[in-house]
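Below is one structure, written out as structure tokens, with a few remarks after it.
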Amino acid sequence: MTIDLFTPMTLGRLELPNRIVMAPLTRNRAGPDNVPTALNVDYYRQRASAGLIITEATQVSADGVGYPATPGIHSPQQVAGWRQVTDAVHAEGGRIFCQLWYCGRISHPDLLGGKSPVAPSAVKPDGEAMTMQGPKPFVTPRPLATQEIEQIIADYARAARLAQQAGFDGVEIHAANGYLIDQFLRDGTNQRTDQWGGSVDNRARFLLRVIDAVSKVWRPDQVGVRLSPENRFNSIADSNPAGLFQYVVEQLNEAGLAYLHVLEGDMLSGERKLDYRKLHSGFAGPWMVNNGYTRDTAQAALVTGEADLVAFGRLYIANPDLVARFASEAPLNEPDPETFYGGGAQGYTDYPALDTAETV
């Protein structure tokens with residue numbers, strides 16, 4: 001049987017009607033205290049026809065914040081806000097995972113009540129943090145003590161339990177894009193000499209421990225993981241990404257995960273050097289790809305077996321009914337980058353669906 005974007009598939013306990021995934025997209029529109037609002041409910045409801053929605057990155061604790069107006073999953077109010085989102089998505093027949101996030105060094109004391117951001121090692125990122133007062137230079141993070149690492153692992157487990165209370169269908173562990181788990185993985189940011197640093201297996205320990213903790217809350221086949229082997233976002237780097245991520249993928253193959261979500265190449269330049277087919281060969285479970293895919297390139301990746309699912313980001317920002325547009329090969333709305341981050345309904349919930357556009 002030929003597999004394409006519209007072929008149903010079983011993902012753990014879920015039956016997906018198609019293989020079109022809404023990628024996690026930070027939009028900076030959470031309410032006070034990082035609580036999802038009615039505007040967020042509308043946004044996710046509009047996109048419920050996706051085979052699977054993965055939420056925007058969601059902090060597992062108040063200390064994990066790295067940007068203004070991003071949602072959390074660590075308070076009763078946040079759980080209640082997310083419950084309205086999941087209820088709305090389920091009422092439309094959709095499926096939704098919560099992406100669990102800890103920013104680490106990609107933060108600023110202004111976002112952390114004056115506390116220093118934390119990281120595996122005291123390596124300052126290039127660039128600026130976005131605060132409520134505007135951009136400010138990143139600061140040198142404070143290296144985590146061993147007991148603090150154990151507490152953050154417990155924070156992931158607690159957030160996973162709260163995600164169950166909020167009605168999600170599963171969770172995705174954000175181990176990509178230069179945030180805390182990625183900082184542990186890379187030798188450019190992890191200069192530790194204890195059990196959490198040095199060798200590849202030591203640097204992967206934090207990710208594997210987080211997966212283990214979350215998989216004690218959810219069934220492993222309700223847990224996804226996101227990686228970005230070549231992405232240089234947030235000034236992340238490693239001396240041997242091919243070797244590092246081949247090891248990581250092979251370790252994750254033993255975890256019984258719902259899927260592995262791989263951002264291919266560099267997010268900003270689009271450059272790709274790694275052999276993703278070789279990387280894929282180390283993982284027997286569902287393989288989700290991401291980064292710049294179109295309808296046609298996504299179809300080709302599914303037909304050749306290079307992917308089982310394809311996640312779309314920018315296209316989902318501008319096309320709430322992306323599945324219908326792909327199915328009918330209809331024109332796509334163009335996203336407005338000026339409204340990607342922050343603001344209200346403009347550029348968030350006001351992109352027209354096909355049926356609306358046809359009547360204008």
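If you're wondering about the labels, chains in the structure tokens are A, B, ... by order shown, residues count from 1 in each chain, ligands from 1 in order shown.
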| task | Give me the residues within 10 Å of Tyr348 (chain A) as a PyMOL selection string, counting only C-alpha atoms and dropping any in the same chain fewer than 4 places off. | result | chain A and resi 27+29+39-40+42-43+317-318+320+335-336+339-344
| message | Write out as a ChimeraX atom specification the set of residues from region 14-211 of chain A that DSSP, computed on the backbone, places in strand (DSSP E). | response | /A:14-16,20-22,52-59,96-101,118-119,128-131,134-137,142-143,170-174
So that I have them on file, write out the residues from the current selection with N, CA, C and O atoms, as a compact mmCIF listing (two decimals), in the first residue's frame.
```txt
# COMPACT_ATOMS: atom_id res chain seq x y z
N LEU A 14 -3.58 6.05 19.88
CA LEU A 14 -4.34 6.97 19.05
C LEU A 14 -4.48 6.46 17.63
O LEU A 14 -3.55 5.86 17.08
N GLU A 15 -5.62 6.73 17.03
CA GLU A 15 -5.84 6.50 15.61
C GLU A 15 -5.82 7.86 14.92
O GLU A 15 -6.69 8.69 15.16
N LEU A 16 -4.80 8.09 14.11
CA LEU A 16 -4.68 9.36 13.41
C LEU A 16 -5.34 9.26 12.04
O LEU A 16 -5.07 8.32 11.29
N ILE A 20 -0.45 14.45 8.88
CA ILE A 20 -0.13 15.88 8.89
C ILE A 20 -0.15 16.36 10.34
O ILE A 20 -1.20 16.33 11.00
N VAL A 21 1.00 16.79 10.83
CA VAL A 21 1.15 17.17 12.23
C VAL A 21 1.33 18.68 12.32
O VAL A 21 2.08 19.28 11.55
N MET A 22 0.65 19.28 13.29
CA MET A 22 0.90 20.69 13.60
C MET A 22 2.11 20.74 14.53
O MET A 22 2.07 20.24 15.65
N LEU A 52 -2.29 15.16 14.28
CA LEU A 52 -1.87 15.37 15.66
C LEU A 52 -1.45 16.82 15.80
O LEU A 52 -0.76 17.36 14.92
N ILE A 53 -1.86 17.46 16.90
CA ILE A 53 -1.35 18.78 17.28
C ILE A 53 -0.32 18.58 18.38
O ILE A 53 -0.56 17.86 19.35
N ILE A 54 0.83 19.23 18.23
CA ILE A 54 1.80 19.33 19.32
C ILE A 54 1.78 20.78 19.77
O ILE A 54 1.97 21.69 18.96
N THR A 55 1.51 21.02 21.05
CA THR A 55 1.37 22.39 21.52
C THR A 55 2.69 23.15 21.41
O THR A 55 3.77 22.57 21.31
N GLU A 56 2.55 24.46 21.50
CA GLU A 56 3.72 25.30 21.71
C GLU A 56 4.48 24.82 22.95
O GLU A 56 3.91 24.18 23.84
N ALA A 57 5.77 25.13 23.00
CA ALA A 57 6.60 24.70 24.13
C ALA A 57 6.02 25.25 25.44
O ALA A 57 5.63 26.41 25.51
N THR A 58 5.98 24.39 26.45
CA THR A 58 5.25 24.67 27.69
C THR A 58 6.14 24.34 28.88
O THR A 58 6.59 23.21 29.04
N GLN A 59 6.40 25.36 29.71
CA GLN A 59 7.37 25.19 30.80
C GLN A 59 6.89 24.19 31.85
O GLN A 59 5.73 24.20 32.26
N ILE A 96 -4.14 15.88 20.70
CA ILE A 96 -3.20 16.91 21.07
C ILE A 96 -2.22 16.44 22.14
O ILE A 96 -2.62 15.87 23.15
N PHE A 97 -0.93 16.65 21.88
CA PHE A 97 0.14 16.38 22.83
C PHE A 97 0.65 17.71 23.39
O PHE A 97 0.66 18.72 22.69
N CYS A 98 1.10 17.68 24.63
CA CYS A 98 1.70 18.86 25.26
C CYS A 98 3.22 18.75 25.17
O CYS A 98 3.81 17.74 25.60
N GLN A 99 3.88 19.78 24.64
CA GLN A 99 5.34 19.76 24.57
C GLN A 99 5.93 20.32 25.86
O GLN A 99 5.67 21.47 26.24
N LEU A 100 6.75 19.51 26.53
CA LEU A 100 7.33 19.85 27.83
C LEU A 100 8.70 20.49 27.62
O LEU A 100 9.56 19.94 26.93
N TRP A 101 8.95 21.61 28.32
CA TRP A 101 10.05 22.52 27.98
C TRP A 101 10.72 23.08 29.22
O TRP A 101 10.04 23.39 30.22
N VAL A 118 19.92 28.71 34.64
CA VAL A 118 20.78 27.57 34.95
C VAL A 118 21.10 26.80 33.67
O VAL A 118 20.40 26.92 32.66
N ALA A 119 22.15 26.00 33.74
CA ALA A 119 22.62 25.24 32.59
C ALA A 119 23.54 24.14 33.09
O ALA A 119 23.89 24.11 34.27
N GLU A 128 20.63 37.86 22.55
CA GLU A 128 19.83 38.55 23.55
C GLU A 128 18.61 37.72 23.94
O GLU A 128 18.04 37.00 23.13
N ALA A 129 18.23 37.88 25.20
CA ALA A 129 16.98 37.30 25.69
C ALA A 129 15.85 38.30 25.46
O ALA A 129 16.07 39.51 25.50
N MET A 130 14.67 37.77 25.22
CA MET A 130 13.50 38.63 25.08
C MET A 130 12.81 38.72 26.45
O MET A 130 12.37 37.70 26.98
N THR A 131 12.76 39.89 27.02
CA THR A 131 12.12 40.10 28.31
C THR A 131 10.89 40.99 28.15
O THR A 131 10.62 41.50 27.05
N GLY A 134 11.81 44.20 26.74
CA GLY A 134 12.48 44.17 25.45
C GLY A 134 13.74 43.32 25.49
O GLY A 134 14.06 42.69 26.51
N PRO A 135 14.51 43.30 24.39
CA PRO A 135 15.71 42.46 24.34
C PRO A 135 16.78 42.93 25.32
O PRO A 135 17.02 44.13 25.47
N LYS A 136 17.44 41.97 25.98
CA LYS A 136 18.56 42.24 26.87
C LYS A 136 19.62 41.17 26.65
O LYS A 136 19.28 40.01 26.37
N PRO A 137 20.90 41.51 26.77
CA PRO A 137 21.95 40.51 26.54
C PRO A 137 21.79 39.31 27.47
O PRO A 137 21.43 39.46 28.64
N ARG A 142 24.21 29.82 35.67
CA ARG A 142 24.79 29.13 36.83
C ARG A 142 24.75 27.63 36.59
O ARG A 142 23.71 27.08 36.26
N PRO A 143 25.89 26.93 36.77
CA PRO A 143 25.88 25.47 36.59
C PRO A 143 24.99 24.80 37.63
O PRO A 143 24.99 25.17 38.81
N GLY A 170 -1.11 12.88 25.20
CA GLY A 170 0.28 12.46 25.37
C GLY A 170 1.14 13.69 25.54
O GLY A 170 0.64 14.83 25.62
N VAL A 171 2.44 13.48 25.60
CA VAL A 171 3.38 14.59 25.77
C VAL A 171 4.57 14.40 24.83
O VAL A 171 4.91 13.28 24.45
N GLU A 172 5.18 15.52 24.47
CA GLU A 172 6.43 15.50 23.72
C GLU A 172 7.50 16.18 24.57
O GLU A 172 7.28 17.29 25.08
N ILE A 173 8.64 15.53 24.74
CA ILE A 173 9.76 16.09 25.47
C ILE A 173 10.61 16.91 24.50
O ILE A 173 11.12 16.39 23.51
N HIS A 174 10.74 18.19 24.80
CA HIS A 174 11.49 19.11 23.92
C HIS A 174 12.97 18.99 24.26
O HIS A 174 13.45 19.54 25.25
```
Test item: residues at most 10 Å from Pro109 (chain A), only C-alpha atoms, excluding those fewer than 4 positions along its chain, as a PDB file with C-alpha atoms, in the first residue's frame:
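part-v9.pdb, freshly written:
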```
ATOM      1  CA  GLY A  66      12.681  31.740  28.893  1.00  0.00           C
ATOM      2  CA  GLY A 113      12.345  36.774  39.589  1.00  0.00           C
ATOM      3  CA  GLY A 114      15.956  37.937  39.645  1.00  0.00           C
ATOM      4  CA  LYS A 115      17.480  34.449  39.740  1.00  0.00           C
ATOM      5  CA  SER A 116      20.228  33.410  37.346  1.00  0.00           C
ATOM      6  CA  PRO A 117      19.359  31.068  34.491  1.00  0.00           C
ATOM      7  CA  ALA A 129      16.985  37.300  25.692  1.00  0.00           C
ATOM      8  CA  THR A 131      12.120  40.098  28.314  1.00  0.00           C
ATOM      9  CA  PHE A 138      22.069  36.933  27.768  1.00  0.00           C
ATOM     10  CA  VAL A 139      23.885  36.399  31.060  1.00  0.00           C
ATOM     11  CA  PRO A 141      24.182  30.804  33.487  1.00  0.00           C
TER      12      PRO A 141
END
```
| field | Expected answer as a PyMOL selection string: alpha helix (DSSP H) residues in region 134-217 of chain A | value | chain A and resi 146-165+180-185+200-203+205-215
| task | Find the spatial neighbours of Asp87 (chain A), counting only C-alpha atoms, within a cut-off of 9 Å - ignore same-chain residues fewer than 6 positions away - and output them as a ChimeraX atom specification. | result | /A:41,166-168
| Interatomic distance between CA of Glu250 (chain A) and CA of Gly282 (chain A)? | 5.1 Å
| task | Considering only C-alpha atoms, return as number ranges by chain whatever protein or nucleic-acid residues lie within 10 Å of Arg13 (chain A), sequence-local ones (same chain, fewer than 3 positions apart) excluded. | result | A: 10, 16, 169-170, 219, 221-222, 258
| Val310 (chain A): which residues within 9 Å, counting only C-alpha atoms, same-chain residues fewer than 2 positions away excluded, as a PyMOL selection string? | chain A and resi 5+19-23+261+287-290+293+298-299+301-302+307-308+312
Residues of the last selection are to be written out with C-alpha atoms, as a short mmCIF file (atom, residue, chain, number, x, y, z; two decimals), in the first residue's frame.
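Result file is out-v5.cif:
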```cif
data_model
loop_
_atom_site.label_atom_id
_atom_site.label_comp_id
_atom_site.auth_asym_id
_atom_site.auth_seq_id
_atom_site.Cartn_x
_atom_site.Cartn_y
_atom_site.Cartn_z
CA LEU A 5 -0.26 12.43 3.84
CA ARG A 19 -0.09 12.09 8.86
CA ILE A 20 -0.13 15.88 8.89
CA VAL A 21 1.15 17.17 12.23
CA MET A 22 0.90 20.69 13.60
CA ALA A 23 4.42 21.44 14.83
CA HIS A 261 10.39 14.10 15.98
CA TRP A 287 9.71 8.89 12.54
CA MET A 288 8.41 12.47 12.27
CA VAL A 289 10.26 15.00 10.12
CA ASN A 290 10.15 18.77 10.18
CA TYR A 293 8.48 20.67 4.05
CA ALA A 298 6.19 15.70 2.44
CA GLN A 299 4.37 13.29 0.13
CA ALA A 301 9.20 11.56 2.14
CA LEU A 302 6.24 9.37 3.09
CA ALA A 307 9.17 9.62 7.24
CA ASP A 308 6.00 8.28 8.84
CA PHE A 312 4.41 21.72 9.53
#
```
